[in-house]
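Peer 1: First the structure, which I've put down as structure tokens, then a few questions once you've had a look.
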Amino acid sequence: MAETASTPTPYGTIGVIGAGAWGTSLAITAARAGSAVRLWAREPEVVEAIARDHQNPMFLPGVPLPATITGTGDLAAAADAEALLVVPPAQHLRATLTALAKVARPGTPLVVCAKGIERGSGKMVYEVLAETAQACEPAILSGPSFAHDAAKGLPTAVTIAAHGAIAGRLQASLSHATFRPYATDDLIGVALGGAAKNVYAIACGIVDGMGLGESARAALIARSFAELTRLGVKLGARAETLVGLSGLGDLVLTATSPNSRNFHFGLDVGRGRTIASLRQPGQPLAEGVETAPALVTRARAENIELPIAETMASVLDGTLPLDQSIGRLMSRPLKPE
Ligand SMILES: NC(=O)C1=CN([C@@H]2O[C@H](COP(=O)(O)OP(=O)(O)OC[C@H]3O[C@@H](n4cnc5c(N)ncnc54)[C@H](O)[C@@H]3O)[C@@H](O)[C@H]2O)C=CC1
Ligand SMILES: O=C(CO)COP(=O)(O)O
């Protein structure tokens, strides 16, 4: 099919790197959109289950996988595709991209779908991409999207950030009747929104768990969005991205839903569970736990004050008792909105 301005050509084969809940759901999405999909899993039992039963019971139980998805444990085989969706936990992104860069063809779009900031360095996913995979094309997919919702075919909209014609081709490769990607070239805004909302979702879960009320939660969401916007503007994100799906949209979803693992983590903390018990191996992934200190590191480097994120980082590392955290936020000097 000839490519025109109105009908970008979809990528015919998509590799999905990481077969957790979101990687599997995105593989289903790409298959429904018409692509042949190679889904790479770290876990041999996941590769076996995909080959034997067309299922991923370990990470996305109860959802049949289309026959056009092939599971593989061979990274080079999965990377032999026209575009790659990269879906590890954010703290494993650098290692995953470093391995991928050795086997991906130069010029291949690498679409990071992880939501987080690198702990220690405070680097955002577009910076990790630039440092590890210079020969590939950077892209980011983010937005309000629970893996189970998209896999079940419930209406879902996300933002894809990429340069030039790539964003449109990725849109065409993933869109179908119930999955609607919007395009932008603002990688900074999309990366920041997806990462920061996890930190603020934990805070909102804590407020719910402590029984502080819906008014408090709404105030926290609004002030969290003010923080996200402050840092975003300093980093060079565009305002319309921050109020869009990958910013405000994902903040609203994640900071209000017990189906969010980050919100649920906060809910459990607010109800009195210890952070150590919630971080045992086998517990659900809550990206905001690692991203909270990383967000603070980055904001300090940019000379931006993020009181809610700083409070969360201190609660999560155990240096601020939970019962003092709300008082610390409420007793800050009064100031204009
Ligand atoms: N689950 C969801 O609804 C959504 C998740 N995301 C994001 O997608 C990313 C992946 O999350 P999920 O698929 O939910 O994860 P998951 O909790 O379902 O699965 C864990 C994933 O981590 C991988 N993993 C474990 N140890 C690893 C290591 N040492 N190196 C590399 N990978 C390792 C596993 O192979 C598996 O793919 C996260 O950044 C998350 O924020 C984004 C949107 C929706
Ligand atoms: O990113 C998500 C929804 O957009 C998933 O949120 P959790 O990781 O908190 O479950």
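A note on labels: chains of the structure tokens are A, B, ... as shown, every chain counts residues from 1, and ligands are counted from 1 in their shown order.
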Return as a ChimeraX atom specification every polymer residue, whether protein, DNA or RNA, with at least one atom no more than 8 Å from an atom of ligand 1; count only C-alpha atoms and all ligand atoms.
Peer 2: /A:18-24,41-43,59-60,87-90,92-93,95-96,113-116,142-148,194-195,198,260,284-287
Peer 1: Emit the selected residues as an mmCIF file, in the first residue's frame, including C-alpha atoms.
Peer 2:
```
data_model
loop_
_atom_site.group_PDB
_atom_site.id
_atom_site.type_symbol
_atom_site.label_atom_id
_atom_site.label_comp_id
_atom_site.auth_asym_id
_atom_site.auth_seq_id
_atom_site.Cartn_x
_atom_site.Cartn_y
_atom_site.Cartn_z
ATOM 1 C CA GLY A 18 8.644 -8.154 27.739
ATOM 2 C CA ALA A 19 5.597 -10.386 28.254
ATOM 3 C CA GLY A 20 4.247 -8.984 31.498
ATOM 4 C CA ALA A 21 0.625 -7.872 31.627
ATOM 5 C CA TRP A 22 1.174 -4.756 29.530
ATOM 6 C CA GLY A 23 3.527 -6.305 26.971
ATOM 7 C CA THR A 24 1.054 -9.159 26.441
ATOM 8 C CA ALA A 41 9.428 -13.347 27.331
ATOM 9 C CA ARG A 42 12.203 -13.693 29.916
ATOM 10 C CA GLU A 43 10.431 -16.625 31.505
ATOM 11 C CA PHE A 59 0.957 -12.304 33.724
ATOM 12 C CA LEU A 60 -2.393 -11.950 31.897
ATOM 13 C CA VAL A 87 7.856 -3.167 27.969
ATOM 14 C CA PRO A 88 10.059 -4.087 30.964
ATOM 15 C CA PRO A 89 9.694 -2.509 34.407
ATOM 16 C CA ALA A 90 11.277 0.959 34.219
ATOM 17 C CA HIS A 92 15.206 -2.684 34.004
ATOM 18 C CA LEU A 93 14.842 -0.472 30.941
ATOM 19 C CA ALA A 95 19.632 -3.250 30.639
ATOM 20 C CA THR A 96 16.845 -4.267 28.274
ATOM 21 C CA CYS A 113 6.019 1.514 27.034
ATOM 22 C CA ALA A 114 7.449 1.402 30.593
ATOM 23 C CA LYS A 115 6.451 4.179 33.001
ATOM 24 C CA GLY A 116 9.141 5.398 35.351
ATOM 25 C CA SER A 142 1.820 6.048 27.442
ATOM 26 C CA GLY A 143 -1.657 6.962 28.642
ATOM 27 C CA PRO A 144 -4.559 5.750 30.789
ATOM 28 C CA SER A 145 -4.638 2.049 30.000
ATOM 29 C CA PHE A 146 -4.985 -0.930 32.280
ATOM 30 C CA ALA A 147 -3.596 -4.039 30.586
ATOM 31 C CA HIS A 148 -6.757 -6.031 31.304
ATOM 32 C CA GLY A 194 3.518 8.327 32.709
ATOM 33 C CA ALA A 195 6.298 8.234 35.282
ATOM 34 C CA ASN A 198 2.610 6.501 39.642
ATOM 35 C CA SER A 260 -4.054 0.445 39.837
ATOM 36 C CA PRO A 284 2.605 -6.606 42.424
ATOM 37 C CA LEU A 285 4.841 -4.149 40.582
ATOM 38 C CA ALA A 286 4.314 -0.573 41.856
ATOM 39 C CA GLU A 287 6.616 1.563 39.682
#
```
Peer 1: Please provide the set of residues having any atom within 7 Å of stretch 68-72 of chain A, restricted to only C-alpha atoms, with same-chain residues fewer than 5 positions apart removed, written as a JSON list (two decimals) with N, CA and C atoms, in the first residue's frame.
Peer 2:
```json
[["chain", "number", "residue", "atom", "x", "y", "z"],
["A", 31, "ALA", "N", -1.74, -7.39, 17.28],
["A", 31, "ALA", "CA", -2.29, -8.49, 16.47],
["A", 31, "ALA", "C", -3.70, -8.12, 15.97],
["A", 36, "ALA", "N", 1.76, -9.04, 12.37],
["A", 36, "ALA", "CA", 2.32, -10.28, 12.89],
["A", 36, "ALA", "C", 3.19, -9.89, 14.09],
["A", 37, "VAL", "N", 3.05, -10.60, 15.22],
["A", 37, "VAL", "CA", 3.70, -10.16, 16.46],
["A", 37, "VAL", "C", 4.63, -11.24, 16.99],
["A", 38, "ARG", "N", 5.84, -10.82, 17.38],
["A", 38, "ARG", "CA", 6.76, -11.72, 18.09],
["A", 38, "ARG", "C", 6.87, -11.20, 19.51],
["A", 39, "LEU", "N", 6.47, -12.01, 20.45],
["A", 39, "LEU", "CA", 6.42, -11.58, 21.86],
["A", 39, "LEU", "C", 7.56, -12.27, 22.61],
["A", 40, "TRP", "N", 8.53, -11.46, 23.06],
["A", 40, "TRP", "CA", 9.68, -12.01, 23.78],
["A", 40, "TRP", "C", 9.40, -12.04, 25.28],
["A", 41, "ALA", "N", 9.60, -13.21, 25.88],
["A", 41, "ALA", "CA", 9.43, -13.35, 27.33],
["A", 41, "ALA", "C", 10.74, -13.80, 27.96],
["A", 47, "VAL", "N", 7.02, -18.53, 27.50],
["A", 47, "VAL", "CA", 7.21, -18.90, 26.08],
["A", 47, "VAL", "C", 6.47, -20.21, 25.81],
["A", 50, "ILE", "N", 2.63, -19.81, 25.76],
["A", 50, "ILE", "CA", 2.15, -19.15, 24.52],
["A", 50, "ILE", "C", 2.13, -20.17, 23.38],
["A", 51, "ALA", "N", 3.21, -20.97, 23.27],
["A", 51, "ALA", "CA", 3.29, -21.94, 22.17],
["A", 51, "ALA", "C", 2.22, -23.03, 22.34],
["A", 78, "ALA", "N", 13.03, -11.95, 18.27],
["A", 78, "ALA", "CA", 11.94, -10.98, 18.51],
["A", 78, "ALA", "C", 12.29, -9.63, 17.89]]
```
Peer 1: Tell me, as a PyMOL selection string, which residues lie within 8 Å of A:Pro66, counting only C-alpha atoms; anything in the same chain fewer than 5 positions away does not count.
Peer 2: chain A and resi 28+31-32+54
Peer 1: Which residues are close to A:Ile326, i.e. within 12 Å by only C-alpha atoms, leaving aside same-chain residues fewer than 6 positions away? Reply as a PyMOL selection string.
Peer 2: chain A and resi 203-204+206-207+210+212+216-217+220+270+307-308+311-312+315+320+332
Peer 1: Please run DSSP on the backbone and report, as a PyMOL selection string, all residues within stretch 1-98 of chain A that come out as helix (DSSP H, G or I).
Peer 2: chain A and resi 21-32+44-53+75-79+90-98
Peer 1: For A:Asp186, which residue among A:Gly236, A:Gly120, A:Gly153, A:Gly34 is the nearest when counting only C-alpha atoms?
Peer 2: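 Closest to A:Asp186 of all the choices is A:Gly236.
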Peer 1: From the DSSP assignment of the backbone, select every residue of stretch 30-131 of chain A that is strand (DSSP E), and format the answer as a PyMOL selection string.
Peer 2: chain A and resi 36-40+69-72+83-86+109-112
Peer 1: Mind dumping the selected residues with C-alpha atoms as a compact mmCIF listing (two decimals), in the first residue's frame?
Peer 2:
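again.txt written:
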```txt
# COMPACT_ATOMS: atom_id res chain seq x y z
CA ALA A 36 2.32 -10.28 12.89
CA VAL A 37 3.70 -10.16 16.46
CA ARG A 38 6.76 -11.72 18.09
CA LEU A 39 6.42 -11.58 21.86
CA TRP A 40 9.68 -12.01 23.78
CA ILE A 69 1.34 -13.86 18.13
CA THR A 70 4.45 -16.06 18.37
CA GLY A 71 6.19 -16.39 21.71
CA THR A 72 9.98 -16.54 21.85
CA ALA A 83 9.08 -1.86 15.06
CA LEU A 84 9.69 -2.90 18.66
CA LEU A 85 7.57 -2.20 21.74
CA VAL A 86 9.82 -2.30 24.83
CA PRO A 109 11.58 2.40 16.07
CA LEU A 110 11.99 1.41 19.74
CA VAL A 111 8.76 2.31 21.52
CA VAL A 112 9.27 2.44 25.28
```
